[in-house]
$ cat entry_3.cif   # mmCIF, C-alpha atoms
data_work
loop_
_atom_site.label_atom_id
_atom_site.label_comp_id
_atom_site.auth_asym_id
_atom_site.auth_seq_id
_atom_site.Cartn_x
_atom_site.Cartn_y
_atom_site.Cartn_z
CA MET A 1 104.19 112.21 155.78
CA PRO A 2 107.62 112.60 154.19
CA GLY A 3 109.58 115.54 155.59
CA GLY A 4 106.71 116.87 157.83
CA LYS A 5 105.08 118.83 154.97
CA ALA A 6 101.39 119.68 154.64
CA CYS A 7 99.14 120.25 151.62
CA PRO A 8 98.89 123.98 150.82
CA ASP A 9 95.24 123.63 149.67
CA CYS A 10 93.54 121.47 152.28
CA GLY A 11 96.21 121.36 155.00
CA SER A 12 96.23 117.58 155.06
CA THR A 13 99.42 115.84 156.05
CA GLU A 14 98.59 112.67 154.05
CA LEU A 15 101.16 113.18 151.31
CA VAL A 16 102.35 110.28 149.13
CA GLU A 17 105.04 109.93 146.50
CA ASP A 18 103.54 109.23 143.09
CA SER A 19 105.86 108.15 140.27
CA HIS A 20 104.76 109.92 137.10
CA TYR A 21 106.71 108.37 134.20
CA ALA A 22 110.36 108.78 135.30
CA GLN A 23 109.73 111.70 137.71
CA SER A 24 108.64 111.29 141.32
CA GLN A 25 106.02 113.76 142.59
CA LEU A 26 104.63 114.50 146.05
CA VAL A 27 100.82 114.37 145.89
CA CYS A 28 98.13 114.94 148.51
CA SER A 29 96.06 111.78 148.89
CA ASP A 30 92.98 113.73 150.08
CA CYS A 31 92.55 116.42 147.41
CA GLY A 32 95.06 115.29 144.73
CA CYS A 33 97.09 118.50 144.79
CA VAL A 34 100.66 118.19 143.48
CA VAL A 35 102.79 119.58 146.27
CA THR A 36 106.19 119.28 144.58
CA GLU A 37 107.15 118.67 140.95
CA GLY A 38 109.43 116.00 139.70
CA VAL A 39 113.06 117.02 139.48
CA LEU A 40 115.64 116.62 136.74
CA THR A 41 119.36 117.23 136.45
CA THR A 42 120.22 119.35 133.41
CA THR A 43 123.02 121.44 131.91
CA TYR A 44 122.39 124.48 134.10
CA SER A 45 125.03 125.66 136.52
CA ASP A 46 123.20 123.70 139.21
CA GLU A 47 124.36 120.54 137.50
CA GLY A 48 127.94 121.41 138.29
CA ASN A 49 127.00 121.43 141.96
CA LEU A 50 125.01 118.20 141.54
CA ARG A 51 121.79 119.90 142.56
CA GLU A 52 118.41 118.85 141.20
CA ILE A 53 116.04 121.43 139.72
CA THR A 54 112.40 121.30 138.63
CA TYR A 55 111.36 120.55 135.06
CA SER A 56 109.95 124.07 134.59
CA ARG A 57 113.49 125.44 135.04
CA SER A 58 115.24 122.72 133.06
CA THR A 59 116.46 122.84 129.48
CA GLY A 60 113.95 120.14 128.52
CA GLU A 61 111.16 122.73 128.28
CA ASN A 62 113.13 124.68 125.69
CA GLU A 63 113.31 121.62 123.42
CA GLN A 64 109.77 122.04 122.16
CA VAL A 65 108.39 119.40 119.80
CA SER A 66 105.22 120.12 117.90
CA ARG A 67 102.13 118.06 118.53
CA SER A 68 102.16 116.82 114.97
CA GLN A 69 105.71 115.53 115.29
CA GLN A 70 104.97 113.92 118.66
CA ARG A 71 101.96 112.19 117.15
CA GLY A 72 104.03 111.01 114.21
CA LEU A 73 106.73 109.57 116.46
CA ARG A 74 104.10 107.70 118.45
CA ARG A 75 102.65 106.33 115.20
CA VAL A 76 106.09 105.12 114.10
CA ARG A 77 106.55 103.25 117.39
CA ASP A 78 103.06 101.77 117.25
CA LEU A 79 103.48 100.64 113.65
CA CYS A 80 106.80 98.95 114.42
CA ARG A 81 105.23 97.13 117.35
CA VAL A 82 102.24 96.02 115.27
CA LEU A 83 104.61 94.59 112.66
CA GLN A 84 106.73 93.06 115.46
CA LEU A 85 109.93 94.63 114.17
CA PRO A 86 113.17 94.52 116.19
CA SER A 87 114.01 97.49 118.41
CA THR A 88 116.87 98.55 116.12
CA PHE A 89 114.36 98.93 113.28
CA GLU A 90 112.21 101.17 115.46
CA GLU A 91 115.15 103.41 116.35
CA THR A 92 116.19 103.74 112.70
CA ALA A 93 112.65 104.55 111.58
CA ILE A 94 112.32 107.22 114.27
CA ALA A 95 115.65 108.75 113.21
CA TYR A 96 114.48 108.91 109.58
CA TYR A 97 111.20 110.50 110.64
CA GLN A 98 113.00 113.18 112.64
CA GLN A 99 115.36 113.91 109.73
CA ALA A 100 112.46 114.20 107.30
CA TYR A 101 110.51 116.46 109.67
CA GLN A 102 113.33 118.99 109.71
CA HIS A 103 112.53 119.94 106.10
CA SER A 104 110.05 122.76 105.70
CA GLY A 105 108.19 121.00 102.90
CA VAL A 106 107.37 118.06 105.17
CA ARG A 107 106.33 120.26 108.09
CA ALA A 108 104.00 122.26 105.86
CA ALA A 109 102.46 119.14 104.28
CA ARG A 110 98.87 118.16 104.93
CA LEU A 111 97.83 115.60 107.50
CA PRO A 112 97.28 112.65 105.05
CA LYS A 113 100.83 113.04 103.76
CA LYS A 114 102.22 113.16 107.29
CA GLU A 115 100.34 109.95 108.06
CA VAL A 116 101.91 108.32 105.00
CA LEU A 117 105.35 109.59 106.08
CA VAL A 118 105.17 107.23 109.08
CA GLY A 119 104.81 104.20 106.82
CA CYS A 120 107.50 105.45 104.43
CA CYS A 121 110.11 105.63 107.21
CA VAL A 122 109.22 102.10 108.35
CA LEU A 123 109.32 100.79 104.77
CA ILE A 124 112.73 102.36 104.10
CA THR A 125 114.10 100.78 107.27
CA CYS A 126 112.76 97.34 106.33
CA ARG A 127 114.09 97.56 102.78
CA GLN A 128 117.55 98.48 104.02
CA ARG A 129 117.55 95.56 106.45
CA ASN A 130 116.19 93.13 103.81
CA TRP A 131 112.98 92.64 105.81
CA PRO A 132 110.16 91.43 103.53
CA LEU A 133 107.48 94.10 103.80
CA THR A 134 105.31 95.38 100.97
CA MET A 135 103.93 98.81 100.32
CA GLY A 136 100.43 97.34 100.07
CA THR A 137 100.64 95.95 103.61
CA LEU A 138 101.49 99.36 105.02
CA CYS A 139 98.75 101.02 102.98
CA SER A 140 96.18 98.59 104.41
CA LEU A 141 97.40 99.24 107.96
CA LEU A 142 97.41 103.03 107.56
CA TYR A 143 94.29 103.18 105.34
CA ALA A 144 96.38 105.17 102.87
CA ASP A 145 96.12 105.58 99.12
CA LEU A 146 98.76 103.61 97.22
CA ASP A 147 99.55 106.43 94.78
CA VAL A 148 100.05 108.95 97.59
CA PHE A 149 102.20 106.46 99.49
CA SER A 150 104.45 105.65 96.52
CA GLY A 151 104.90 109.33 95.65
CA THR A 152 105.79 110.25 99.22
CA TYR A 153 108.15 107.28 99.47
CA LEU A 154 110.13 108.37 96.41
CA GLN A 155 110.18 111.96 97.65
CA ILE A 156 111.57 111.00 101.09
CA VAL A 157 114.23 108.73 99.58
CA LYS A 158 115.40 111.57 97.35
CA LEU A 159 115.10 114.19 100.08
CA LEU A 160 117.22 112.25 102.59
CA GLY A 161 119.62 110.91 99.94
CA LEU A 162 119.16 107.28 101.05
CA ASP A 163 120.29 104.14 99.27
CA VAL A 164 117.35 101.75 99.38
CA PRO A 165 117.87 98.32 97.75
CA ALA A 166 115.11 96.62 95.81
CA LEU A 167 113.02 94.04 97.61
CA CYS A 168 114.10 90.43 97.08
CA LEU A 169 111.40 88.66 95.07
CA ALA A 170 111.90 85.30 96.83
CA ASP A 171 111.44 86.87 100.27
CA LEU A 172 108.35 88.68 99.07
CA VAL A 173 106.86 85.42 97.78
CA LYS A 174 107.47 83.70 101.13
CA THR A 175 105.94 86.54 103.11
CA TYR A 176 102.93 87.03 100.86
CA CYS A 177 102.12 83.33 100.51
CA SER A 178 102.25 82.88 104.27
CA SER A 179 99.25 85.19 104.58
CA PHE A 180 97.04 82.83 102.51
CA LYS A 181 94.49 80.93 104.65
CA LEU A 182 94.96 77.63 102.81
CA PHE A 183 96.88 75.52 105.26
CA GLN A 184 94.19 74.56 107.79
CA ALA A 185 90.67 73.27 107.25
CA SER A 186 87.87 75.60 108.28
CA PRO A 187 84.11 75.94 107.67
CA SER A 188 84.85 78.21 104.70
CA LEU A 189 87.66 75.99 103.35
CA PRO A 190 86.83 72.36 102.44
CA ALA A 191 89.39 69.66 103.12
CA LYS A 192 90.12 69.09 99.42
CA TYR A 193 91.30 72.70 99.12
CA VAL A 194 93.76 72.53 102.04
CA GLU A 195 97.40 72.39 100.90
CA ASP A 196 100.77 71.89 102.51
CA LYS A 197 102.56 75.19 102.99
CA ASP A 198 106.03 74.01 101.94
CA LYS A 199 104.80 72.36 98.73
CA LEU A 200 102.76 75.39 97.73
CA LEU A 201 105.60 77.78 98.48
CA SER A 202 108.15 75.73 96.53
CA ARG A 203 106.01 75.52 93.39
CA THR A 204 105.00 79.17 93.61
CA LEU A 205 108.66 80.18 93.71
CA GLN A 206 109.36 78.12 90.57
CA LEU A 207 106.44 79.73 88.73
CA VAL A 208 107.50 83.23 89.77
CA GLU A 209 111.05 82.52 88.54
CA LEU A 210 109.58 81.33 85.23
CA ALA A 211 107.51 84.52 84.99
CA ASN A 212 110.64 86.56 85.68
CA GLU A 213 112.52 84.78 82.88
CA ALA A 214 109.60 85.46 80.50
CA TRP A 215 109.60 89.22 81.25
CA LEU A 216 106.27 89.08 83.11
CA VAL A 217 107.62 90.68 86.30
CA THR A 218 109.92 93.44 85.04
CA GLY A 219 108.40 96.90 85.45
CA ARG A 220 105.22 95.56 87.04
CA HIS A 221 103.80 95.31 90.51
CA PRO A 222 104.87 91.92 91.90
CA LEU A 223 101.74 91.06 93.91
CA PRO A 224 99.44 90.31 90.92
CA VAL A 225 102.12 88.02 89.46
CA ILE A 226 102.59 86.24 92.80
CA THR A 227 98.82 85.86 93.21
CA ALA A 228 98.49 84.28 89.75
CA ALA A 229 101.50 82.01 90.37
CA THR A 230 100.11 80.89 93.75
CA PHE A 231 96.75 80.07 92.16
CA LEU A 232 98.42 78.03 89.41
CA ALA A 233 100.63 76.21 91.92
CA TRP A 234 97.63 75.45 94.13
CA GLN A 235 95.65 74.07 91.17
CA SER A 236 98.52 71.99 89.80
CA LEU A 237 99.09 70.15 93.09
CA ARG A 238 95.60 68.58 92.96
CA PRO A 239 94.13 69.43 89.54
CA ALA A 240 91.30 66.90 89.68
CA ASP A 241 89.61 68.70 92.60
CA ARG A 242 90.66 72.30 91.93
CA LEU A 243 90.40 72.99 88.20
CA THR A 244 86.79 74.08 88.63
CA CYS A 245 87.77 76.77 91.15
CA SER A 246 88.11 80.30 89.77
CA LEU A 247 90.71 82.88 90.70
CA ALA A 248 88.17 85.10 92.44
CA ARG A 249 86.87 82.23 94.56
CA PHE A 250 90.42 81.18 95.39
CA CYS A 251 91.30 84.65 96.71
CA LYS A 252 88.06 84.73 98.70
CA MET A 253 88.83 81.38 100.34
CA ALA A 254 92.43 82.42 101.01
CA ASN A 255 91.19 85.66 102.59
CA VAL A 256 93.35 87.89 100.38
CA GLU A 257 92.40 90.76 98.13
CA LEU A 258 92.29 90.01 94.42
CA PRO A 259 94.59 92.48 92.61
CA TYR A 260 93.06 93.88 89.45
CA PRO A 261 95.78 92.77 86.95
CA ALA A 262 96.06 89.25 88.45
CA ALA A 263 93.70 87.78 85.84
CA SER A 264 95.84 89.18 83.02
CA ARG A 265 99.04 87.87 84.64
CA LEU A 266 97.37 84.44 84.93
CA GLN A 267 96.58 84.36 81.19
CA GLU A 268 100.16 85.39 80.35
CA LEU A 269 101.55 82.61 82.53
CA LEU A 270 99.27 80.06 80.88
CA ASN A 271 100.41 81.22 77.43
CA VAL A 272 104.05 80.71 78.44
CA LEU A 273 103.28 77.23 79.75
CA LEU A 274 101.44 76.32 76.53
CA GLN A 275 104.39 77.39 74.38
CA MET A 276 106.74 75.35 76.56
CA ALA A 277 104.44 72.31 76.39
CA GLY A 278 104.69 72.34 72.59
CA HIS A 279 108.40 71.44 72.85
CA LEU A 280 108.07 68.60 75.36
CA ALA A 281 108.04 65.23 73.58
CA TRP A 282 105.32 63.43 75.55
CA LEU A 283 103.04 66.47 75.54
CA GLN A 284 103.20 67.16 71.80
CA VAL A 285 100.73 64.36 71.08
CA LEU A 286 98.15 65.94 73.40
CA SER A 287 95.91 68.78 72.38
CA LEU A 288 96.47 70.99 75.41
CA ASP A 289 94.66 74.19 76.21
CA LYS A 290 94.89 76.70 79.04
CA ARG A 291 92.81 74.47 81.27
CA SER A 292 94.48 71.10 80.70
CA VAL A 293 98.08 72.42 80.72
CA VAL A 294 97.75 72.96 84.48
CA LYS A 295 97.91 69.18 84.97
CA HIS A 296 101.45 69.10 83.52
CA VAL A 297 102.96 72.07 85.38
CA SER A 298 105.24 69.74 87.35
CA ASP A 299 106.85 68.32 84.16
CA LEU A 300 107.19 71.76 82.60
CA LEU A 301 108.89 73.22 85.64
CA GLN A 302 111.23 70.26 85.91
CA HIS A 303 112.63 70.99 82.43
CA ARG A 304 112.07 74.75 82.62
CA HIS A 305 115.46 76.01 81.48
CA MET A 306 115.63 73.77 78.41
CA LEU A 307 112.04 74.46 77.36
CA VAL A 308 112.44 78.22 77.69
CA ARG A 309 115.46 78.14 75.34
CA MET A 310 113.55 75.99 72.85
CA ALA A 311 110.26 77.88 72.98
CA PHE A 312 111.64 81.41 72.94
CA ARG A 313 114.47 83.22 71.26
CA ASP A 314 116.13 86.24 72.82
CA GLY A 315 114.63 89.22 71.06
CA THR A 316 117.01 91.81 72.51
CA ALA A 317 120.12 89.85 71.52
CA GLU A 318 118.74 89.22 68.06
CA THR A 319 117.99 92.90 67.55
CA GLU A 320 121.50 93.91 68.59
CA ALA A 321 123.04 91.30 66.27
CA GLN A 322 120.98 92.51 63.32
CA ASN A 323 122.05 96.08 63.95
CA GLU A 324 125.73 95.12 64.09
CA GLU A 325 125.89 93.00 60.93
CA ARG A 326 125.92 94.65 57.53
CA PRO A 327 122.82 94.47 55.31
CA GLY A 328 124.56 92.61 52.49
CA GLN A 329 125.98 89.92 54.72
CA GLY A 330 122.68 89.49 56.51
CA GLN A 331 120.81 89.04 53.23
CA GLU A 332 123.30 86.47 51.92
CA GLN A 333 123.24 84.59 55.20
CA GLY A 334 119.45 84.58 55.21
CA GLU A 335 119.35 83.17 51.68
CA GLU A 336 121.80 80.44 52.66
CA GLU A 337 119.72 79.52 55.71
CA VAL A 338 116.56 79.34 53.63
CA GLY A 339 118.36 77.21 51.08
CA HIS A 340 119.60 74.77 53.68
CA SER A 341 116.22 74.52 55.34
CA SER A 342 114.46 73.95 52.02
CA LEU A 343 116.89 71.12 51.25
CA ASP A 344 116.36 69.47 54.60
CA LEU A 345 112.57 69.80 54.88
CA PRO A 346 109.73 70.52 52.46
CA LYS A 347 108.45 74.06 52.50
CA ARG A 348 105.11 73.25 54.12
CA THR A 349 106.61 71.15 56.95
CA ARG A 350 109.24 73.69 57.94
CA PRO A 351 109.06 74.20 61.75
CA ALA A 352 107.87 77.54 62.99
CA SER A 353 110.47 79.86 64.48
CA PRO A 354 110.36 80.32 68.27
CA ALA A 355 108.53 83.28 69.69
CA LEU A 356 110.47 86.35 70.68
CA LEU A 357 111.37 86.62 74.35
CA LEU A 358 110.56 90.27 74.91
CA PRO A 359 108.56 92.27 77.48
CA PRO A 360 104.82 92.36 76.74
CA CYS A 361 104.99 96.13 76.24
CA MET A 362 107.32 95.55 73.27
CA LEU A 363 105.41 92.62 71.82
CA LYS A 364 102.13 94.56 71.97
CA PRO A 365 103.02 98.25 72.07
CA PRO A 366 100.19 100.60 73.02
CA LYS A 367 98.52 102.49 70.22
CA ARG A 368 99.56 106.10 70.00
CA ILE A 369 97.37 108.88 68.70
CA ARG A 370 98.78 110.16 65.45
CA PRO A 371 98.94 113.95 65.44
CA THR A 372 96.87 115.54 62.70
CA SER A 373 98.83 117.85 60.43
CA PRO A 374 97.30 121.30 59.94
CA VAL A 375 95.43 121.66 56.65
CA SER A 376 96.84 124.47 54.52
CA THR A 377 94.62 125.97 51.83
CA VAL A 378 96.54 127.59 48.96
CA THR A 379 94.49 129.74 46.55
CA GLY A 380 97.32 131.29 44.47
CA ASP A 381 96.44 134.86 45.38
CA GLU A 382 98.89 135.08 48.28
CA ASN A 383 101.59 137.79 48.25
CA ILE A 384 105.08 136.50 47.45
CA SER A 385 108.02 138.24 49.06
CA ASP A 386 111.12 139.24 47.10
CA SER A 387 113.32 136.84 49.10
CA GLU A 388 111.02 133.96 48.16
CA ILE A 389 111.07 134.93 44.48
CA GLU A 390 114.87 134.95 44.47
CA GLN A 391 114.84 131.27 45.50
CA TYR A 392 113.25 130.36 42.17
CA LEU A 393 115.69 132.35 39.94
CA ARG A 394 118.26 130.02 38.40
CA THR A 395 119.82 131.55 35.22
CA PRO A 396 121.38 135.03 34.74
CA GLN A 397 118.74 135.86 32.14
CA GLU A 398 115.98 135.29 34.72
CA VAL A 399 117.80 137.58 37.14
CA ARG A 400 118.07 140.37 34.52
CA GLU A 401 114.39 140.05 33.59
CA PHE A 402 113.39 140.18 37.24
CA GLN A 403 115.48 143.37 37.75
CA ARG A 404 113.88 145.02 34.67
CA ALA A 405 110.43 144.10 35.98
CA GLN A 406 111.22 145.61 39.35
CA ALA A 407 112.52 148.83 37.71
CA ALA A 408 109.41 149.10 35.54
CA SER A 409 107.17 148.58 38.57
CA GLN A 410 108.97 151.32 40.52
CA ALA A 411 108.78 153.72 37.53
CA ALA A 412 105.05 153.09 37.19
CA ARG A 413 104.51 153.85 40.85
CA GLY A 414 106.50 157.12 40.51
CA VAL A 415 104.38 158.29 37.53
CA SER A 416 101.08 157.43 39.18
CA SER A 417 101.93 159.37 42.37
CA PRO A 418 103.63 162.71 41.31
CA PRO A 419 105.10 164.93 44.07
#
$ encode --input "entry_3.cif" --output "structure tokens"
Amino acid sequence: MPGGKACPDCGSTELVEDSHYAQSQLVCSDCGCVVTEGVLTTTYSDEGNLREITYSRSTGENEQVSRSQQRGLRRVRDLCRVLQLPSTFEETAIAYYQQAYQHSGVRAARLPKKEVLVGCCVLITCRQRNWPLTMGTLCSLLYADLDVFSGTYLQIVKLLGLDVPALCLADLVKTYCSSFKLFQASPSLPAKYVEDKDKLLSRTLQLVELANEAWLVTGRHPLPVITAATFLAWQSLRPADRLTCSLARFCKMANVELPYPAASRLQELLNVLLQMAGHLAWLQVLSLDKRSVVKHVSDLLQHRHMLVRMAFRDGTAETEAQNEERPGQGQEQGEEEVGHSSLDLPKRTRPASPALLLPPCMLKPPKRIRPTSPVSTVTGDENISDSEIEQYLRTPQEVREFQRAQAASQAARGVSSPP
């Protein structure tokens, strides 16, 4: 027994020192009674004399943290450990969470929003450190709604005044493609569908860069575009065995969720490839469609920069140039160009102009509901004010006649109603 003490409850002298977290306690081994509390050194006057005091008398009890905040801090630590983030990331995310929790609007928020706040602090930390992490990954880990998460993320960034850089697209492609289960044969994945990771990643990056040059990524969620590009890259590496596989089956085999707009992004990518194939000499003799153009993706990507310039013309630059030049000069220049082209080639064999390189929202703008103008029924019996009549008087004679008519009307009213 340390110090010759006895248990105050049962009188037993079998006392042992039990380390509870960082505080040592003296506990009775027979009944479990805590004989002495752990001790801490704090900022009280006892600290000046280097004397230890109990936790109940220390300043630590005054620093009260709500249960909700304690739970949130634990969730931040757990999430960082699940994602295997460095310790510096965890410290930064905890600091952001504590700063955000000081605002009354965050403290008064509902529990789902506080759960999302944990992921927002981790996402901000990863974005600032250029760590490839998507919002969808955090939503799947936290079982959170994507709209609620994105709204809370923007609110916290604005509330804390943080500078968060945009996520690098190449890093996102590498991280997202690494999650595809296509690199090892399994009972659910036949051997003909297994692909080398480096080859698939390299071709997917080229297709995503092509989609970025064709305005298919700007203003859109990147994951559907990356999913469509990965599917095209996977098909083009062994088209003989994989052209019959659909996008939905591909995502099921790869064990990834199929984003809703991925099918539309796939069709847009195929349209871009078809337009590029029309300007490649050895592909012009072939009648390619959206299915057969996949076989020639390697050739199209090899000459990507030249084919994009030939197949598309910059719509934004052309619009600015047309606005700057005067109408007369533009008309004369257009007539000269038509004249030269008609001299060089017959009218029916004139080559078609390249397609405009513009965002899809500008090529196919959404239809807007035209507001209906209110229907006004005019019968001719409406009262006309004097100010409105004066707008129609033009000559001095009309003014004099109008004044005589007003005088006669006033005189008639005075006769009809004598005093």
$ atom_distance --input "entry_3.cif" --atom1 "atom CA of A:Leu280" --atom2 "atom CA of A:His296"
10.5 Å
$ axis_aligned_box --input "entry_3.cif" --around "stretch 167-184 of chain A" --padding-each-side "6 Å" --output "lines of an AutoDock Vina configuration file"
center_x = 104.1
center_y = 84.3
center_z = 101.4
size_x = 31.9
size_y = 31.5
size_z = 24.7
$ residues_around --input "entry_3.cif" --residues "stretch 194-201 of chain A" --least-positions-apart "2" --cutoff "6 Å" --atoms "all atoms listed in the file" --output "list in words"
Leu182, Phe183, Ala191, Lys192, Arg203 and Thr204 of chain A
$ closest_residue --input "entry_3.cif" --among "A:Ala214, A:Leu247, A:Ala144, A:Leu162" --to "A:Gln128" --atoms "all atoms listed in the file"
A:Leu162
$ atom_distance --input "entry_3.cif" --atom1 "atom CA of A:Phe89" --atom2 "atom CA of A:Thr125"
6.3 Å
$ residues_near_point --input "entry_3.cif" --point "(103.8, 115.6, 100.2)" --cutoff "10 Å" --atoms "all atoms listed in the file" --output "VMD selection string"
chain A and resid 105 to 114 116 to 117 148 to 149 151 to 153 155 to 156
$ residues_around --input "entry_3.cif" --residues "A:Leu243" --least-positions-apart "6" --cutoff "12 Å" --atoms "only C-alpha atoms" --output "list in words"
Lys192, Tyr193, Phe231, Leu232, Ala233, Trp234, Gln235, Ser236, Leu237, Arg249, Phe250, Lys290, Arg291, Ser292, Val293, Val294 and Lys295 of chain A
